[in-house]
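**Student:** Pasting entry11.txt here (compact mmCIF, C-alpha atoms):
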# COMPACT_ATOMS: atom_id res chain seq x y z
CA MET D 4 112.56 135.31 118.38
CA LYS D 5 116.30 135.04 117.85
CA GLN D 6 118.40 138.13 117.24
CA LYS D 7 119.04 137.29 113.58
CA GLU D 8 115.33 136.79 112.90
CA MET D 9 114.49 139.95 114.81
CA SER D 10 117.05 141.84 112.74
CA TYR D 11 115.49 140.57 109.48
CA VAL D 12 111.96 141.46 110.61
CA LEU D 13 113.02 144.96 111.69
CA LYS D 14 114.90 145.46 108.42
CA ALA D 15 111.85 144.33 106.43
CA ILE D 16 109.66 146.86 108.27
CA ASP D 17 112.31 149.56 107.88
CA GLY D 18 112.72 148.84 104.17
CA THR D 19 108.95 149.02 103.70
CA VAL D 20 108.89 152.40 105.48
CA ILE D 21 111.69 153.74 103.22
CA VAL D 22 109.91 152.56 100.07
CA ALA D 23 106.56 153.92 101.33
CA CYS D 24 108.12 157.32 102.04
CA LEU D 25 109.74 157.45 98.58
CA VAL D 26 106.48 156.42 96.87
CA LEU D 27 104.64 159.07 98.89
CA MET D 28 107.23 161.73 98.05
CA PHE D 29 107.61 161.09 94.33
CA PHE D 30 104.34 159.48 93.20
CA ILE D 31 101.39 159.99 95.51
CA LEU D 32 101.95 163.61 96.62
CA PRO D 33 102.80 164.99 93.12
CA ARG D 34 99.69 163.24 91.77
CA LEU D 35 97.59 164.52 94.66
CA ALA D 36 98.80 168.06 94.02
CA GLY D 37 98.41 167.62 90.26
CA ASP D 38 95.12 165.73 89.87
CA SER D 39 93.11 166.51 92.98
CA LEU D 40 94.28 170.05 93.61
CA GLY D 41 94.50 171.14 89.98
CA GLY D 42 98.25 171.14 89.21
CA PRO D 43 100.63 174.13 88.96
CA GLN D 44 98.17 176.13 86.78
CA VAL D 45 95.24 175.95 89.21
CA PHE D 46 96.78 175.13 92.59
CA ALA D 47 98.81 178.23 93.49
CA ALA D 48 100.84 176.51 96.18
CA TYR D 49 101.71 173.50 93.95
CA TRP D 50 105.49 173.86 94.17
CA PRO D 51 105.60 175.05 97.81
CA PHE D 52 103.36 172.09 98.67
CA LEU D 53 105.67 169.62 96.93
CA ALA D 54 108.83 171.25 98.33
CA PHE D 55 107.36 171.15 101.83
CA SER D 56 106.38 167.51 101.37
CA TRP D 57 109.83 166.51 100.13
CA ILE D 58 111.74 168.49 102.77
CA GLY D 59 109.34 167.27 105.45
CA LEU D 60 109.62 163.60 104.50
CA ALA D 61 113.37 163.54 103.71
CA PRO D 62 114.41 163.42 107.41
CA LEU D 63 112.11 160.42 107.89
CA VAL D 64 113.86 158.59 105.05
CA PHE D 65 117.28 159.44 106.54
CA LEU D 66 115.99 158.34 109.93
CA ALA D 67 114.93 154.97 108.52
CA VAL D 68 118.28 154.58 106.73
CA ILE D 69 120.16 155.22 109.99
CA ALA D 70 117.87 152.75 111.81
CA TRP D 71 118.88 150.12 109.21
CA GLY D 72 122.43 150.22 110.63
CA ILE D 73 121.15 149.64 114.16
CA PHE D 74 119.07 146.68 112.98
CA SER D 75 122.15 145.22 111.25
CA ASP D 76 124.11 145.51 114.50
CA ILE D 77 121.29 143.75 116.38
CA GLY D 78 121.74 140.82 113.98
CA ARG D 79 125.50 140.84 114.66
CA ASP D 80 124.86 140.82 118.43
CA ASN D 81 126.57 144.19 118.72
CA SER D 82 123.68 146.33 119.93
CA PHE D 83 125.47 148.18 122.70
CA SER D 84 128.11 150.29 120.96
CA GLU D 85 129.13 153.93 120.81
CA ARG D 86 128.25 153.91 117.11
CA ASN D 87 124.66 152.88 117.85
CA ALA D 88 124.45 155.56 120.56
CA ALA D 89 125.57 158.11 117.95
CA ARG D 90 123.02 156.73 115.46
CA LEU D 91 120.20 157.10 118.00
CA ARG D 92 121.39 160.65 118.76
CA ALA D 93 121.28 161.42 115.03
CA MET D 94 117.76 159.93 114.85
CA SER D 95 116.71 162.17 117.71
CA TYR D 96 118.07 165.27 115.94
CA LEU D 97 116.39 164.22 112.68
CA SER D 98 113.07 163.81 114.49
CA ALA D 99 113.50 167.28 115.98
CA ALA D 100 114.40 168.66 112.55
CA THR D 101 111.27 167.05 111.08
CA ILE D 102 109.13 168.75 113.72
CA LEU D 103 110.67 172.14 112.90
CA VAL D 104 110.19 171.66 109.15
CA TRP D 105 106.55 170.61 109.62
CA LEU D 106 105.92 173.51 111.96
CA GLY D 107 107.43 175.92 109.43
CA GLY D 108 105.38 174.39 106.63
CA LEU D 109 102.17 174.53 108.62
CA ALA D 110 102.82 178.17 109.55
CA TYR D 111 103.38 178.98 105.86
CA PHE D 112 100.16 177.29 104.77
CA ALA D 113 98.20 178.83 107.65
CA PHE D 114 99.39 182.38 106.81
CA SER D 115 98.82 181.77 103.10
CA GLY D 116 95.19 180.97 103.82
CA LEU D 117 95.61 177.43 102.48
CA SER D 118 95.02 175.67 105.77
CA VAL D 119 92.52 172.82 105.95
CA LEU D 120 91.40 171.78 109.44
CA GLY D 121 91.71 168.04 108.71
CA ILE D 122 95.25 168.38 107.38
CA MET D 123 96.22 170.63 110.31
CA LEU D 124 94.91 168.08 112.80
CA ALA D 125 96.66 165.20 111.02
CA PHE D 126 99.94 167.14 111.13
CA ALA D 127 99.43 167.96 114.81
CA VAL D 128 99.08 164.25 115.62
CA ALA D 129 102.09 163.38 113.43
CA MET D 130 104.15 166.10 115.14
CA ALA D 131 103.18 164.81 118.57
CA ILE D 132 104.42 161.35 117.51
CA MET D 133 107.68 162.89 116.26
CA VAL D 134 108.16 164.71 119.59
CA VAL D 135 107.79 161.40 121.42
CA MET D 136 110.18 159.81 118.89
CA ALA D 137 112.79 162.54 119.45
CA VAL D 138 112.60 162.18 123.23
CA VAL D 139 112.67 158.37 123.17
CA CYS D 140 115.64 158.33 120.75
CA ALA D 141 117.57 160.82 122.92
CA CYS D 142 116.86 158.70 125.99
CA LEU D 143 117.82 155.45 124.21
CA SER D 144 121.01 157.10 122.94
CA HIS D 145 122.03 157.95 126.51
CA LEU D 146 121.18 154.43 127.74
CA THR D 147 123.02 152.78 124.84
CA ALA D 148 126.13 154.91 125.46
CA LYS D 149 126.10 153.91 129.14
CA ALA D 150 125.50 150.24 128.27
CA ALA D 151 128.35 150.34 125.72
CA GLN D 152 130.65 151.71 128.41
CA ILE D 153 129.68 148.90 130.84
CA LYS D 154 130.01 146.28 128.07
CA HIS D 155 133.49 147.57 127.19
CA GLU D 156 134.62 147.27 130.81
CA ASN D 157 133.03 143.83 131.09
CA ASP D 158 134.76 142.68 127.90
CA LEU D 159 138.10 143.72 129.40
CA THR D 160 137.50 141.92 132.68
CA VAL D 161 139.46 138.69 132.78
CA MET Q 6 147.28 151.82 133.68
CA ARG Q 7 149.13 152.12 137.01
CA ILE Q 8 148.88 148.41 137.71
CA VAL Q 9 151.53 146.53 135.73
CA VAL Q 10 150.87 142.89 134.85
CA ASN Q 11 153.99 140.72 135.02
CA LEU Q 12 152.36 137.58 133.70
CA ASP Q 13 154.94 137.20 130.90
CA VAL Q 14 157.76 137.33 133.48
CA MET Q 15 156.14 134.63 135.61
CA LEU Q 16 155.43 132.49 132.53
CA ALA Q 17 159.09 132.77 131.52
CA LYS Q 18 160.23 131.83 135.05
CA ARG Q 19 157.98 128.76 135.06
CA LYS Q 20 158.85 127.99 131.42
CA MET Q 21 155.17 127.80 130.61
CA SER Q 22 153.44 129.04 127.45
CA LEU Q 23 150.33 131.18 127.44
CA THR Q 24 148.47 128.39 125.63
CA GLU Q 25 149.36 125.90 128.37
CA LEU Q 26 148.30 128.30 131.11
CA SER Q 27 145.08 128.96 129.24
CA GLU Q 28 144.28 125.24 129.13
CA ARG Q 29 145.19 124.69 132.79
CA VAL Q 30 143.32 127.70 134.15
CA GLY Q 31 140.33 127.43 131.84
CA VAL Q 32 140.52 131.02 130.65
CA THR Q 33 140.46 131.73 126.92
CA MET Q 34 143.66 132.67 125.12
CA ALA Q 35 142.04 135.94 124.09
CA ASN Q 36 141.34 136.88 127.71
CA LEU Q 37 144.82 135.90 128.87
CA SER Q 38 146.33 137.94 126.02
CA VAL Q 39 144.27 140.93 127.18
CA LEU Q 40 145.68 140.43 130.67
CA LYS Q 41 149.25 139.87 129.49
CA THR Q 42 149.31 142.97 127.28
CA GLY Q 43 147.99 145.15 130.09
CA LYS Q 44 144.73 145.97 128.30
CA ALA Q 45 142.55 144.39 131.01
CA LYS Q 46 140.40 146.76 133.06
CA ALA Q 47 139.81 144.27 135.88
CA ILE Q 48 140.63 140.75 136.98
CA ARG Q 49 138.33 138.45 138.94
CA PHE Q 50 139.65 136.98 142.20
CA SER Q 51 138.75 133.51 140.87
CA THR Q 52 140.91 134.04 137.75
CA LEU Q 53 143.77 135.47 139.82
CA ALA Q 54 143.59 132.55 142.26
CA ALA Q 55 143.59 130.01 139.42
CA ILE Q 56 146.60 131.66 137.75
CA CYS Q 57 148.50 131.83 141.06
CA GLU Q 58 147.71 128.17 141.75
CA GLU Q 59 149.01 127.04 138.35
CA LEU Q 60 152.11 129.25 138.43
CA GLY Q 61 152.78 128.59 142.14
CA CYS Q 62 153.10 132.26 142.98
CA GLN Q 63 151.43 135.10 144.89
CA PRO Q 64 149.19 137.82 143.35
CA GLY Q 65 151.99 140.31 143.99
CA ASP Q 66 154.25 138.34 141.66
CA ILE Q 67 151.80 138.94 138.81
CA LEU Q 68 150.46 142.41 139.64
CA GLU Q 69 152.62 145.37 140.51
CA TYR Q 70 151.73 148.98 141.33
CA SER Q 71 153.66 151.57 139.34
CA ASP Q 72 153.76 155.26 140.29
CA LYS Q 73 154.96 156.30 136.83
CA GLY Q 74 151.47 157.51 135.92
CA GLU Q 75 149.13 156.45 133.09
Would you write the structure of this file as structure tokens?
**Tutor:**
Amino acid sequence: MKQKEMSYVLKAIDGTVIVACLVLMFFILPRLAGDSLGGPQVFAAYWPFLAFSWIGLAPLVFLAVIAWGIFSDIGRDNSFSERNAARLRAMSYLSAATILVWLGGLAYFAFSGLSVLGIMLAFAVAMAIMVVMAVVCACLSHLTAKAAQIKHENDLTV
Amino acid sequence: MRIVVNLDVMLAKRKMSLTELSERVGVTMANLSVLKTGKAKAIRFSTLAAICEELGCQPGDILEYSDKGE
């Protein structure tokens, strides 16, 4: 697969993730809290649940938006740059922030007596994935910064 | 950079343009401009040898060490 094609494929996946997150945040979760759990009148934690969902998913949307820039640079054959290293660093921080938000949310629901084992387990798996994501992004950021440095020197070798 | 590139001086002495040198040596104009303006981080021996051959000079005529700091 050529770099341009790869860039388009990655962007298509990234765009789908952004749209899926937004649909989840503003359509599926409010409906779930409203219809299945009884809405604000019945479900006591309606607004905390929605706020937690939005705050918890927002970093993922930002993460996908930042990744879009990296995918654009892949298409331009400019993968190894300081800017991409900074983007990966930001993605690592956002992943870490997501973990903290989810942990806080889970603690709140657990202490409020609203915890459901299935949901807790699902969040635990998702958090484990985000931990791996944070570590991998931090590592890739370091590697990209080093590669950008080597590329810069190579570009200035006559 | 403490190494000063005197390529422009040698080109003037030989009455040769950068474009002509680029064509003779087989190095792109962009790369020779990088070398001429002192932005280059390194130069390959093969490039240096080709430039010296075309200009009929020694590496020391093109490169000079300066102790005036960065």
**Student:** Give me the residues within 12 Å of Cys57 of chain Q as a list in words, counting only C-alpha atoms and dropping any in the same chain fewer than 5 places off.
**Tutor:** Leu12, Met15, Leu16, Arg19, Leu26, Arg29, Val30, Phe50, Ser51, Thr52, Cys62, Gln63, Pro64, Gly65, Asp66, Ile67 and Leu68 of chain Q
**Student:** Produce a table with one row for each residue of chain D that has an atom at most 9 Å from any atom of chain Q, each row naming the nearest atom pair and its distance in Å at one decimal; use all atoms listed in the file; arrange rows by chain and rising residue number; format as JSON lines.
**Tutor:**
{"residue": "D:Glu156", "atom": "CA", "partner": "Q:Lys46", "partner_atom": "CA", "distance": 6.2}
{"residue": "D:Asn157", "atom": "CA", "partner": "Q:Lys46", "partner_atom": "CA", "distance": 8.2}
{"residue": "D:Asp158", "atom": "CA", "partner": "Q:Ala45", "partner_atom": "CA", "distance": 8.6}
{"residue": "D:Leu159", "atom": "CA", "partner": "Q:Ala45", "partner_atom": "CA", "distance": 4.8}
{"residue": "D:Thr160", "atom": "CA", "partner": "Q:Ala47", "partner_atom": "CA", "distance": 4.6}
{"residue": "D:Val161", "atom": "CA", "partner": "Q:Ile48", "partner_atom": "CA", "distance": 4.8}
**Student:** Would you compute the distance between atom CA of Ile21 of chain D and atom CA of Asp38 of chain D? Give it in Å to one decimal.
**Tutor:** 24.4 Å
**Student:** Find the residues near Leu97 of chain D: any atom within 9 Å, counting only C-alpha atoms, skip ones fewer than 2 places away on the same chain, and give them as number ranges by chain.
**Tutor:** D: 62-63, 65-66, 92-95, 99-102, 137
**Student:** Please indicate the distance in Å from atom CA of Ile8 of chain Q to atom CA of Glu69 of chain Q, rounded to one decimal place.
**Tutor:**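 Answer for the atom CA of Ile8 of chain Q to atom CA of Glu69 of chain Q separation: 5.6 Å.
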**Student:** How would you write as a VMD selection string the residues that get within 12 Å of (111.9, 164.5, 98.6) in the file's frame, counting all atoms listed in the file?
**Tutor:** chain D and resid 21 24 to 33 52 to 65
**Student:** How far is it from atom CA of Asp17 of chain D to atom CA of Phe74 of chain D, in Å with one decimal?
**Tutor:** 8.9 Å
